[in-house]
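One file, start28.cif, is given below (mmCIF, C-alpha atoms and all ligand atoms).
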```cif
data_input
loop_
_atom_site.label_atom_id
_atom_site.label_comp_id
_atom_site.auth_asym_id
_atom_site.auth_seq_id
_atom_site.Cartn_x
_atom_site.Cartn_y
_atom_site.Cartn_z
CA MET A 1141 20.90 11.59 22.49
CA PRO A 1142 21.50 14.87 20.61
CA ASN A 1143 19.83 15.20 17.25
CA MET A 1144 22.92 15.10 15.03
CA SER A 1145 21.04 16.24 11.94
CA ASP A 1146 20.05 19.44 13.78
CA GLN A 1147 23.65 19.89 14.87
CA LEU A 1148 24.86 19.49 11.28
CA LEU A 1149 22.33 22.03 10.03
CA ALA A 1150 23.33 24.49 12.78
CA LEU A 1151 26.99 24.07 11.82
CA LEU A 1152 26.25 24.58 8.15
CA GLY A 1153 23.97 27.50 8.93
CA GLY A 1154 26.98 29.24 10.46
CA CYS A 1155 29.25 28.75 7.46
CA ASP A 1156 27.11 28.13 4.36
CA SER A 1157 23.50 29.14 4.77
CA GLU A 1158 22.79 28.45 1.09
CA LEU A 1159 23.71 24.79 1.39
CA ALA A 1160 22.13 24.52 4.85
CA LYS A 1161 18.83 25.53 3.27
CA ILE A 1162 19.16 22.86 0.59
CA LEU A 1163 19.97 20.11 3.11
CA ALA A 1164 17.15 21.20 5.40
CA GLY A 1165 14.77 21.16 2.44
CA GLU A 1166 15.78 17.61 1.55
CA ARG A 1167 15.39 16.42 5.13
CA THR A 1168 11.90 17.88 5.27
CA ARG A 1169 11.06 16.34 1.89
CA GLN A 1170 12.11 12.89 3.13
CA GLU A 1171 10.33 13.38 6.45
CA THR A 1172 6.99 14.46 4.99
CA THR A 1173 6.68 12.09 2.01
CA LEU A 1174 6.23 8.35 1.53
CA GLU A 1175 9.30 6.82 -0.12
CA LEU A 1176 8.32 3.89 -2.33
CA ILE A 1177 11.35 3.71 -4.63
CA ALA A 1178 12.37 0.07 -4.27
CA SER A 1179 16.10 0.83 -4.37
CA GLU A 1180 16.08 3.48 -1.65
CA ASN A 1181 16.11 3.35 2.12
CA HIS A 1182 16.76 5.51 5.20
CA VAL A 1183 20.06 4.71 6.93
CA SER A 1184 20.56 4.98 10.68
CA ALA A 1185 21.89 8.20 12.17
CA ALA A 1186 25.13 6.36 12.95
CA VAL A 1187 25.60 5.37 9.29
CA THR A 1188 24.80 8.90 8.10
CA HIS A 1189 27.38 10.41 10.40
CA ALA A 1190 30.09 7.77 9.82
CA ALA A 1191 29.67 8.51 6.09
CA GLY A 1192 30.10 12.21 6.90
CA SER A 1193 33.13 11.71 9.15
CA TRP A 1194 36.81 12.67 8.98
CA MET A 1195 37.54 9.29 7.33
CA THR A 1196 36.89 11.25 4.11
CA ASN A 1197 40.22 13.05 4.50
CA LYS A 1198 42.46 10.13 3.61
CA TYR A 1199 43.94 8.59 0.48
CA ALA A 1200 44.28 4.84 0.95
CA GLU A 1201 44.91 3.34 -2.49
CA GLY A 1202 45.66 -0.35 -2.18
CA TYR A 1203 44.36 -2.76 0.44
CA PRO A 1204 44.87 -3.22 4.20
CA GLY A 1205 48.57 -3.77 4.90
CA LYS A 1206 49.50 -2.85 1.29
CA ARG A 1207 48.72 0.84 0.80
CA TYR A 1208 50.35 3.40 -1.44
CA TYR A 1209 50.12 6.11 1.27
CA GLY A 1210 51.25 6.42 4.86
CA GLY A 1211 48.91 7.03 7.78
CA CYS A 1212 46.49 4.21 6.99
CA GLU A 1213 46.51 2.45 10.37
CA PHE A 1214 42.86 3.17 11.16
CA HIS A 1215 41.77 2.84 7.56
CA ASP A 1216 43.18 -0.69 7.51
CA LEU A 1217 41.20 -1.47 10.65
CA ALA A 1218 37.99 -0.02 9.21
CA GLU A 1219 38.34 -1.83 5.88
CA ASN A 1220 39.17 -5.15 7.58
CA LEU A 1221 36.15 -4.70 9.85
CA ALA A 1222 33.91 -4.08 6.84
CA ARG A 1223 35.33 -7.09 4.99
CA ASP A 1224 35.03 -9.42 8.00
CA ARG A 1225 31.46 -8.35 8.73
CA ALA A 1226 30.47 -8.72 5.06
CA LYS A 1227 31.88 -12.27 5.04
CA GLN A 1228 30.01 -13.12 8.23
CA LEU A 1229 26.80 -11.58 6.94
CA PHE A 1230 26.77 -13.44 3.62
CA GLY A 1231 28.63 -16.60 4.73
CA CYS A 1232 31.41 -16.27 2.16
CA LYS A 1233 35.21 -16.30 2.21
CA PHE A 1234 36.11 -13.05 0.47
CA ALA A 1235 34.70 -9.53 0.12
CA ASN A 1236 36.02 -6.45 -1.64
CA VAL A 1237 34.24 -3.46 -0.10
CA GLN A 1238 35.84 -0.74 -2.22
CA PRO A 1239 33.50 -0.41 -5.26
CA HIS A 1240 32.00 3.06 -5.21
CA CYS A 1241 28.66 1.73 -6.50
CA GLY A 1242 26.95 -1.35 -7.91
CA ALA A 1243 27.81 -0.52 -11.52
CA ASN A 1244 31.50 -0.20 -10.61
CA ALA A 1245 31.34 -3.56 -8.84
CA ASN A 1246 29.93 -5.06 -12.03
CA ILE A 1247 32.62 -3.49 -14.23
CA ALA A 1248 35.35 -4.96 -12.01
CA ALA A 1249 33.59 -8.33 -11.85
CA PHE A 1250 33.29 -8.48 -15.65
CA MET A 1251 36.94 -7.52 -16.05
CA ALA A 1252 37.99 -10.20 -13.56
CA VAL A 1253 36.48 -13.05 -15.57
CA LEU A 1254 35.92 -11.85 -19.16
CA ASN A 1255 37.90 -10.59 -22.13
CA PRO A 1256 36.35 -8.02 -24.46
CA GLY A 1257 34.12 -9.82 -26.95
CA ASP A 1258 33.23 -12.70 -24.61
CA THR A 1259 29.60 -13.77 -24.44
CA VAL A 1260 27.35 -12.96 -21.47
CA LEU A 1261 23.82 -14.30 -20.99
CA SER A 1262 21.61 -11.90 -19.04
CA LEU A 1263 18.12 -10.47 -18.56
CA PRO A 1264 17.77 -7.14 -20.42
CA ILE A 1265 16.72 -3.97 -18.64
CA LYS A 1266 13.37 -3.96 -20.44
CA SER A 1267 12.46 -7.21 -18.67
CA GLY A 1268 13.70 -6.15 -15.22
CA GLY A 1269 17.50 -6.48 -15.54
CA HIS A 1270 20.08 -3.77 -14.88
CA LEU A 1271 21.81 -1.53 -17.40
CA SER A 1272 25.23 -2.84 -16.35
CA HIS A 1273 24.18 -6.37 -17.34
CA GLY A 1274 24.39 -5.63 -21.06
CA LEU A 1275 22.58 -2.50 -22.19
CA LYS A 1276 24.04 -1.43 -25.57
CA VAL A 1277 25.00 2.07 -24.44
CA ASN A 1278 26.58 0.80 -21.19
CA PHE A 1279 30.17 -0.55 -20.87
CA SER A 1280 28.70 -4.05 -20.68
CA GLY A 1281 26.91 -3.85 -24.03
CA THR A 1282 29.83 -1.99 -25.61
CA PHE A 1283 32.64 -4.40 -24.79
CA TYR A 1284 30.93 -7.79 -24.53
CA LYS A 1285 28.63 -9.88 -26.68
CA ILE A 1286 25.32 -9.92 -24.87
CA VAL A 1287 22.68 -12.60 -25.33
CA ASP A 1288 19.33 -11.77 -23.72
CA TYR A 1289 17.10 -14.20 -21.91
CA GLY A 1290 13.52 -13.12 -21.28
CA LEU A 1291 10.73 -13.94 -18.91
CA ASP A 1292 8.00 -16.44 -19.69
CA PRO A 1293 5.39 -14.25 -21.45
CA THR A 1294 2.50 -15.89 -19.59
CA THR A 1295 3.84 -16.19 -16.04
CA GLU A 1296 6.27 -13.24 -16.29
CA ARG A 1297 8.70 -15.37 -14.29
CA LEU A 1298 12.14 -16.74 -15.16
CA ASP A 1299 11.83 -19.43 -17.82
CA PHE A 1300 14.60 -21.89 -16.99
CA ASP A 1301 13.98 -24.14 -19.99
CA GLU A 1302 14.55 -21.15 -22.27
CA ILE A 1303 17.60 -19.99 -20.28
CA GLU A 1304 19.06 -23.50 -20.59
CA ARG A 1305 18.34 -23.60 -24.33
CA LEU A 1306 20.04 -20.22 -24.88
CA ALA A 1307 23.01 -21.26 -22.74
CA ILE A 1308 23.51 -24.42 -24.80
CA GLU A 1309 23.14 -22.49 -28.07
CA HIS A 1310 25.43 -19.53 -27.23
CA LYS A 1311 27.90 -21.08 -24.75
CA PRO A 1312 28.31 -17.88 -22.68
CA LYS A 1313 31.37 -17.41 -20.50
CA LEU A 1314 29.22 -15.70 -17.86
CA ILE A 1315 25.56 -16.00 -16.88
CA ILE A 1316 24.04 -13.21 -14.80
CA CYS A 1317 21.09 -13.47 -12.45
CA GLY A 1318 19.80 -10.87 -10.00
CA TYR A 1319 17.60 -7.96 -11.12
CA SER A 1320 16.25 -4.46 -10.59
CA ALA A 1321 12.56 -5.09 -11.17
CA TYR A 1322 11.79 -8.77 -10.56
CA SER A 1323 9.52 -9.60 -7.65
CA ARG A 1324 10.00 -13.36 -7.39
CA VAL A 1325 12.46 -15.71 -5.69
CA ILE A 1326 15.57 -16.43 -7.76
CA ASP A 1327 16.55 -20.10 -7.93
CA PHE A 1328 20.34 -19.70 -7.75
CA ALA A 1329 20.92 -23.48 -7.68
CA ARG A 1330 19.06 -23.92 -10.96
CA PHE A 1331 21.12 -21.14 -12.55
CA ARG A 1332 24.35 -22.80 -11.37
CA ALA A 1333 23.28 -26.14 -12.84
CA ILE A 1334 22.78 -24.44 -16.22
CA ALA A 1335 26.09 -22.59 -15.95
CA ASP A 1336 27.94 -25.82 -15.12
CA MET A 1337 26.27 -27.57 -18.07
CA VAL A 1338 27.91 -25.14 -20.51
CA GLY A 1339 31.12 -24.32 -18.60
CA ALA A 1340 30.01 -20.76 -17.73
CA LEU A 1341 30.57 -18.86 -14.52
CA LEU A 1342 27.52 -17.66 -12.58
CA MET A 1343 27.34 -14.09 -11.32
CA ALA A 1344 24.52 -13.06 -8.97
CA ASP A 1345 23.94 -9.32 -8.72
CA ILE A 1346 21.96 -9.14 -5.49
CA ALA A 1347 21.93 -5.31 -5.33
CA HIS A 1348 18.21 -5.19 -4.63
CA ILE A 1349 17.76 -8.22 -2.39
CA ALA A 1350 21.04 -8.13 -0.44
CA GLY A 1351 19.39 -7.51 2.93
CA LEU A 1352 16.90 -10.30 2.30
CA CYS A 1353 19.72 -12.70 1.29
CA ALA A 1354 21.81 -11.78 4.33
CA THR A 1355 18.96 -12.64 6.69
CA GLY A 1356 17.61 -15.76 4.97
CA VAL A 1357 14.41 -13.99 3.93
CA HIS A 1358 15.51 -14.77 0.34
CA PRO A 1359 17.78 -17.78 -0.42
CA SER A 1360 21.49 -16.99 -0.47
CA PRO A 1361 23.44 -16.85 -3.75
CA PHE A 1362 26.18 -18.82 -1.95
CA PRO A 1363 27.42 -21.46 -2.62
CA HIS A 1364 25.88 -21.36 -6.09
CA ALA A 1365 27.23 -18.16 -7.67
CA GLN A 1366 31.00 -17.94 -8.08
CA LEU A 1367 30.75 -14.13 -8.23
CA VAL A 1368 28.34 -12.05 -6.17
CA THR A 1369 28.03 -8.31 -6.63
CA THR A 1370 25.79 -5.96 -4.70
CA THR A 1371 25.05 -2.44 -3.67
CA THR A 1372 25.04 -1.66 0.03
CA HIS A 1373 22.26 0.92 0.21
CA LYS A 1374 19.02 -0.80 -0.82
CA THR A 1375 17.51 -3.53 1.37
CA LEU A 1376 20.91 -3.80 3.08
CA ARG A 1377 20.35 -0.25 4.44
CA GLY A 1378 23.95 0.91 4.39
CA PRO A 1379 25.66 3.88 2.77
CA ARG A 1380 25.51 4.30 -1.02
CA GLY A 1381 28.15 1.92 -2.40
CA GLY A 1382 29.05 -1.45 -3.92
CA MET A 1383 30.78 -4.71 -3.00
CA ILE A 1384 32.00 -7.94 -4.64
CA MET A 1385 32.09 -11.33 -2.93
CA THR A 1386 33.33 -14.81 -3.80
CA ASN A 1387 34.44 -18.08 -2.22
CA ASP A 1388 37.16 -18.68 -4.81
CA GLU A 1389 40.67 -17.57 -3.79
CA GLU A 1390 41.98 -17.23 -7.34
CA LEU A 1391 38.96 -15.17 -8.34
CA ALA A 1392 39.37 -13.03 -5.22
CA THR A 1393 42.88 -12.02 -6.30
CA LYS A 1394 41.61 -11.08 -9.75
CA ILE A 1395 38.70 -9.09 -8.28
CA ASP A 1396 41.02 -7.11 -6.00
CA ARG A 1397 43.27 -6.23 -8.94
CA LYS A 1398 40.37 -5.20 -11.14
CA VAL A 1399 38.75 -2.98 -8.50
CA PHE A 1400 42.10 -1.30 -7.82
CA PRO A 1401 43.98 -0.38 -9.96
CA GLY A 1402 41.73 -1.72 -12.73
CA VAL A 1403 38.66 0.46 -12.31
CA GLN A 1404 39.07 2.78 -9.32
CA GLY A 1405 41.68 4.92 -7.61
CA GLY A 1406 41.40 5.89 -3.96
CA PRO A 1407 38.69 4.10 -1.99
CA LEU A 1408 36.05 6.21 -0.23
CA MET A 1409 37.18 5.41 3.30
CA HIS A 1410 34.33 7.33 4.98
CA ILE A 1411 31.90 5.14 3.04
CA ILE A 1412 33.86 1.99 3.90
CA ALA A 1413 33.63 2.93 7.60
CA ALA A 1414 29.88 3.42 7.16
CA LYS A 1415 29.66 0.05 5.38
CA ALA A 1416 31.34 -1.61 8.39
CA LEU A 1417 28.79 0.03 10.66
CA ALA A 1418 25.81 -0.93 8.50
CA PHE A 1419 27.00 -4.54 8.22
CA GLY A 1420 27.25 -4.61 12.01
CA GLU A 1421 23.64 -3.38 12.19
CA ALA A 1422 22.57 -6.03 9.67
CA LEU A 1423 24.12 -8.76 11.83
CA GLN A 1424 21.70 -7.90 14.66
CA PRO A 1425 18.59 -10.10 15.06
CA SER A 1426 16.39 -6.99 14.65
CA PHE A 1427 17.55 -6.63 11.05
CA LYS A 1428 16.06 -10.02 10.19
CA THR A 1429 12.76 -8.91 11.72
CA TYR A 1430 13.00 -5.74 9.62
CA CYS A 1431 13.57 -7.72 6.40
CA GLN A 1432 10.67 -10.03 7.18
CA GLN A 1433 8.46 -6.98 7.67
CA VAL A 1434 9.65 -5.47 4.36
CA VAL A 1435 8.27 -8.52 2.55
CA LYS A 1436 5.04 -8.61 4.59
CA ASN A 1437 4.49 -4.94 3.80
CA ALA A 1438 5.15 -5.50 0.09
CA GLN A 1439 2.63 -8.33 0.05
CA ALA A 1440 0.04 -6.25 1.91
CA LEU A 1441 0.47 -3.34 -0.53
CA ALA A 1442 0.30 -5.74 -3.48
CA ALA A 1443 -2.97 -7.23 -2.20
CA GLU A 1444 -4.49 -3.77 -1.71
CA LEU A 1445 -3.58 -2.68 -5.24
CA GLN A 1446 -4.90 -5.90 -6.75
CA ALA A 1447 -8.17 -5.41 -4.88
CA ARG A 1448 -8.37 -1.97 -6.51
CA GLY A 1449 -8.04 -3.30 -10.05
CA TYR A 1450 -4.31 -3.05 -10.74
CA ARG A 1451 -2.44 -5.98 -12.25
CA LEU A 1452 0.84 -7.03 -10.69
CA CYS A 1453 3.42 -8.50 -13.03
CA SER A 1454 3.92 -12.19 -12.24
CA GLY A 1455 0.79 -11.96 -10.07
CA GLY A 1456 2.41 -10.65 -6.88
CA THR A 1457 5.64 -10.47 -4.93
CA ASP A 1458 7.99 -12.62 -2.85
CA ASN A 1459 10.39 -9.81 -2.02
CA HIS A 1460 10.53 -6.07 -1.34
CA LEU A 1461 9.09 -4.80 -4.64
CA MET A 1462 6.28 -5.09 -7.11
CA LEU A 1463 5.81 -4.06 -10.69
CA VAL A 1464 2.35 -2.61 -11.22
CA ASP A 1465 0.71 -2.77 -14.65
CA LEU A 1466 -1.56 0.31 -14.65
CA ARG A 1467 -3.54 -0.51 -17.79
CA PRO A 1468 -6.24 -2.78 -16.32
CA ARG A 1469 -7.21 0.06 -13.95
CA ASP A 1470 -7.13 2.70 -16.70
CA ALA A 1471 -5.98 1.96 -20.27
CA ASP A 1472 -4.76 5.56 -20.75
CA LEU A 1473 -2.77 5.76 -17.52
CA THR A 1474 1.01 5.90 -18.06
CA GLY A 1475 3.83 5.36 -15.59
CA ALA A 1476 5.21 8.83 -16.37
CA ASP A 1477 1.94 10.59 -15.52
CA ALA A 1478 1.39 8.49 -12.41
CA GLU A 1479 4.92 9.21 -11.11
CA LYS A 1480 4.43 12.95 -11.60
CA TRP A 1481 0.97 13.09 -10.00
CA LEU A 1482 2.01 10.93 -7.05
CA GLU A 1483 5.02 13.14 -6.33
CA LYS A 1484 2.70 16.14 -6.10
CA ALA A 1485 0.69 14.18 -3.54
CA GLY A 1486 3.77 13.21 -1.48
CA ILE A 1487 4.26 9.66 -2.75
CA ILE A 1488 7.68 9.09 -4.31
CA CYS A 1489 8.08 6.22 -6.77
CA ASN A 1490 9.36 5.53 -10.28
CA LYS A 1491 7.75 4.75 -13.60
CA ASN A 1492 8.93 1.39 -14.90
CA GLY A 1493 8.46 -0.57 -18.09
CA ILE A 1494 6.58 -3.82 -17.64
CA PRO A 1495 7.62 -6.93 -19.62
CA ASN A 1496 6.74 -6.36 -23.30
CA ASP A 1497 5.65 -2.83 -22.57
CA PRO A 1498 4.24 -1.21 -25.73
CA ARG A 1499 5.19 2.25 -24.41
CA SER A 1500 8.67 3.78 -24.45
CA PRO A 1501 10.95 3.62 -21.36
CA VAL A 1502 10.31 7.31 -20.65
CA VAL A 1503 6.53 6.82 -20.69
CA THR A 1504 5.90 3.18 -19.63
CA SER A 1505 2.75 1.35 -18.54
CA GLY A 1506 3.98 0.56 -15.07
CA LEU A 1507 5.18 1.68 -11.69
CA ARG A 1508 7.79 -0.04 -9.54
CA LEU A 1509 6.97 0.16 -5.84
CA GLY A 1510 9.06 -1.05 -2.92
CA THR A 1511 8.70 -1.13 0.85
CA PRO A 1512 12.26 -0.99 2.35
CA ALA A 1513 12.13 2.73 3.24
CA LEU A 1514 8.59 2.77 4.63
CA THR A 1515 9.37 -0.30 6.73
CA THR A 1516 12.45 1.43 8.17
CA ARG A 1517 10.19 4.28 9.25
CA GLY A 1518 8.03 1.82 11.15
CA LEU A 1519 5.00 1.38 8.89
CA GLY A 1520 3.25 -1.99 9.06
CA GLU A 1521 0.78 -3.99 7.01
CA ALA A 1522 -2.27 -1.99 8.10
CA ASP A 1523 -0.54 1.19 6.94
CA MET A 1524 -0.01 -0.38 3.51
CA LYS A 1525 -3.78 -0.43 3.04
CA ARG A 1526 -3.79 3.32 3.57
CA VAL A 1527 -0.85 3.77 1.15
CA GLY A 1528 -2.74 1.73 -1.46
CA GLU A 1529 -5.83 3.93 -1.01
CA TRP A 1530 -3.77 7.09 -1.52
CA LEU A 1531 -2.06 5.66 -4.60
CA ASP A 1532 -5.42 4.78 -6.11
CA ARG A 1533 -7.06 8.07 -5.16
CA VAL A 1534 -4.38 10.10 -6.92
CA MET A 1535 -4.18 7.90 -10.02
CA GLY A 1536 -7.96 7.47 -10.15
CA SER A 1537 -8.38 11.26 -10.14
CA LYS A 1538 -5.88 11.55 -13.01
CA GLY A 1539 -3.76 13.85 -10.92
CA ASP A 1540 -6.57 16.28 -10.16
CA ALA A 1541 -4.96 19.28 -8.40
CA GLU A 1542 -7.35 19.37 -5.44
CA THR A 1543 -7.03 15.63 -4.83
CA CYS A 1544 -3.22 15.84 -4.94
CA THR A 1545 -3.23 18.76 -2.48
CA ASN A 1546 -5.58 16.96 -0.09
CA VAL A 1547 -3.59 13.73 -0.19
CA ARG A 1548 -0.36 15.73 0.26
CA GLU A 1549 -1.73 17.23 3.48
CA GLU A 1550 -3.01 13.88 4.76
CA ILE A 1551 0.40 12.31 4.12
CA ARG A 1552 2.25 15.19 5.79
CA GLU A 1553 0.12 14.59 8.90
CA PHE A 1554 0.39 10.79 8.65
CA CYS A 1555 4.22 10.96 8.55
CA LYS A 1556 4.55 12.79 11.87
CA PRO A 1557 4.66 9.68 14.10
CA PHE A 1558 7.23 8.08 11.77
CA PRO A 1559 10.33 10.30 12.03
CA LEU A 1560 13.51 9.65 10.06
CA PRO A 1561 16.51 8.30 11.96
CA HIS A 1562 18.46 11.42 13.02
N1 LIG A 1601 18.97 2.54 -10.10
C1 LIG A 1601 18.83 1.31 -9.33
C2 LIG A 1601 17.40 0.94 -9.16
O1 LIG A 1601 16.62 1.82 -8.95
O2 LIG A 1601 17.06 -0.23 -9.23
C3 LIG A 1601 19.62 0.22 -9.89
O3 LIG A 1601 20.94 0.63 -10.03
#
```
Written as structure tokens, that's how I'd like the structure from this file.
Amino acid sequence: MPNMSDQLLALLGGCDSELAKILAGERTRQETTLELIASENHVSAAVTHAAGSWMTNKYAEGYPGKRYYGGCEFHDLAENLARDRAKQLFGCKFANVQPHCGANANIAAFMAVLNPGDTVLSLPIKSGGHLSHGLKVNFSGTFYKIVDYGLDPTTERLDFDEIERLAIEHKPKLIICGYSAYSRVIDFARFRAIADMVGALLMADIAHIAGLCATGVHPSPFPHAQLVTTTTHKTLRGPRGGMIMTNDEELATKIDRKVFPGVQGGPLMHIIAAKALAFGEALQPSFKTYCQQVVKNAQALAAELQARGYRLCSGGTDNHLMLVDLRPRDADLTGADAEKWLEKAGIICNKNGIPNDPRSPVVTSGLRLGTPALTTRGLGEADMKRVGEWLDRVMGSKGDAETCTNVREEIREFCKPFPLPH
């Protein structure tokens, strides 16, 4: 099969050598580094090229069969295919595949069920939640009354007694579960029981764990959550985008209206075509094996880091990510320094606050590490031991220039048998 990335670069080289150089540089960067950002992945060549296809040329405001523009015959087919595959994948009755991203999906979901000023109970970003779940400077914190629930300070896990107490006290209209930096299984049934107790709706934002939920590697939010939002590009390994799902027909109508015309204009039809393709890939048995390996790899990396003196928030991981408290290894080590040093050495990750972090969000005492991208490249549990050694060597040296250069070269060599999908 021809290498389509090479073909794209050759085409660009002929018409825009400046951009061709930038794209080639990024491909080499991805190919020669270890990607440990928990929210990133490497899509298949087919998804890359569907997302870069001529489907980008079309305006298709509206929904299949009810568009505001002519010429949508194939766009209707692509969007219906994406919707049907999403429903099959998650075992639900309705999917809107148009949100451009996870935050847009959340805006539309909020607008479908809330009025400005209504109360929402959610986990704040500083404890592992997402900014669109109620951060003051975000739309969510601006237009709605947000009540925070926290994690149990000892176990660093969800504290359902406290969540129930807050729900009874504040009577929220919406309770949100699903997080950006929480490494444990989410008990959706328990959340629904609390929501029902106070007459709230339950929204699960499964942006991070979508692939795991689709394959049964993490329990499904259905039938518990009435509203399910997600991104399509993290563990689900599709193009960058968002989606909203529900089983409730009345809610489905409201969601459609809030996505378009409520929040967005023309859908990104090239991305919707790529979503259809990625959902088809995720329906294959091999995708379940992949998701199982993502978790095994995360657990292997977690064990290696613990053996080297790092503390993992909540004591470990059940999913694709871990939150590493750096202080027990070195009290002066910050997430910001570690992120910078590791990048020099070819390991890409992000600094992350840990629960009750005494340092600011731009400094932090932690790192968030995830295994979806490395697992896509074919790395296994034994490789995670090596990754843990490199992480520790760089951080243990305090970013010493020679150590970073040596590790960078070792990683460049190590990556060769693990090419990106082209
Ligand atoms: N920025 C994403 C993440 O890294 O978790 C969430 O939107």
TODO: Figure out the distance between CA of Ala1347 in chain A and CA of Lys1491 in chain A, please, to one decimal in Å.
DONE: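 Interatomic distance, CA of Lys1491 in chain A to CA of Ala1347 in chain A: 19.3 Å.
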TODO: Give the residue list for ligand LIG 1601 (chain A) at 7 Å, counting only C-alpha atoms and all ligand atoms, as a ChimeraX atom specification, sorted by chain and then by residue number.
DONE: /A:1178-1179,1242,1270,1320-1321,1348
Open item on the list: Using only C-alpha atoms for the distances, tell me which of A:Phe1331, A:Tyr1199, A:Tyr1284, A:Tyr1322 is nearest to Gly1406 in chain A.
Closed with: A:Tyr1199
Open item on the list: At a cut-off of 9 Å, using all atoms listed in the file, what residues contact range 1394-1396 of chain A? Leave out same-chain residues fewer than 5 positions from it and give the result as a list of chain:residue names.
Closed with: A:Tyr1203, A:Asn1236, A:Ala1248, A:Ala1249, A:Met1251, A:Ala1252, A:Val1253, A:Ile1384, A:Met1385, A:Glu1389, A:Pro1401, A:Gly1402
Emit the selected residues as a CSV table (one decimal), keeping the file's coordinate frame, including C-alpha atoms.
```csv
chain,number,residue,atom,x,y,z
A,1203,TYR,CA,44.4,-2.8,0.4
A,1236,ASN,CA,36.0,-6.4,-1.6
A,1248,ALA,CA,35.4,-5.0,-12.0
A,1249,ALA,CA,33.6,-8.3,-11.8
A,1251,MET,CA,36.9,-7.5,-16.0
A,1252,ALA,CA,38.0,-10.2,-13.6
A,1253,VAL,CA,36.5,-13.0,-15.6
A,1384,ILE,CA,32.0,-7.9,-4.6
A,1385,MET,CA,32.1,-11.3,-2.9
A,1389,GLU,CA,40.7,-17.6,-3.8
A,1401,PRO,CA,44.0,-0.4,-10.0
A,1402,GLY,CA,41.7,-1.7,-12.7
```
Open item on the list: Just the number, please: distance in Å from CA of Ser1500 in chain A to CA of Ile1177 in chain A, one decimal.
Closed with: 20.0 Å
Quick one: residues within 12 Å of Asn1546 in chain A, all atoms listed in the file, excluding same-chain residues fewer than 5 positions away - as a short mmCIF file (atom, residue, chain, number, x, y, z; two decimals) with C-alpha atoms, in the coordinates of the input?
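Written output follows (selection36.cif):
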```
data_model
loop_
_atom_site.label_atom_id
_atom_site.label_comp_id
_atom_site.auth_asym_id
_atom_site.auth_seq_id
_atom_site.Cartn_x
_atom_site.Cartn_y
_atom_site.Cartn_z
CA LEU A 1482 2.01 10.93 -7.05
CA LYS A 1484 2.70 16.14 -6.10
CA ALA A 1485 0.69 14.18 -3.54
CA GLY A 1486 3.77 13.21 -1.48
CA TRP A 1530 -3.77 7.09 -1.52
CA ARG A 1533 -7.06 8.07 -5.16
CA VAL A 1534 -4.38 10.10 -6.92
CA SER A 1537 -8.38 11.26 -10.14
CA GLY A 1539 -3.76 13.85 -10.92
CA ASP A 1540 -6.57 16.28 -10.16
CA ALA A 1541 -4.96 19.28 -8.40
CA ILE A 1551 0.40 12.31 4.12
CA ARG A 1552 2.25 15.19 5.79
CA GLU A 1553 0.12 14.59 8.90
#
```
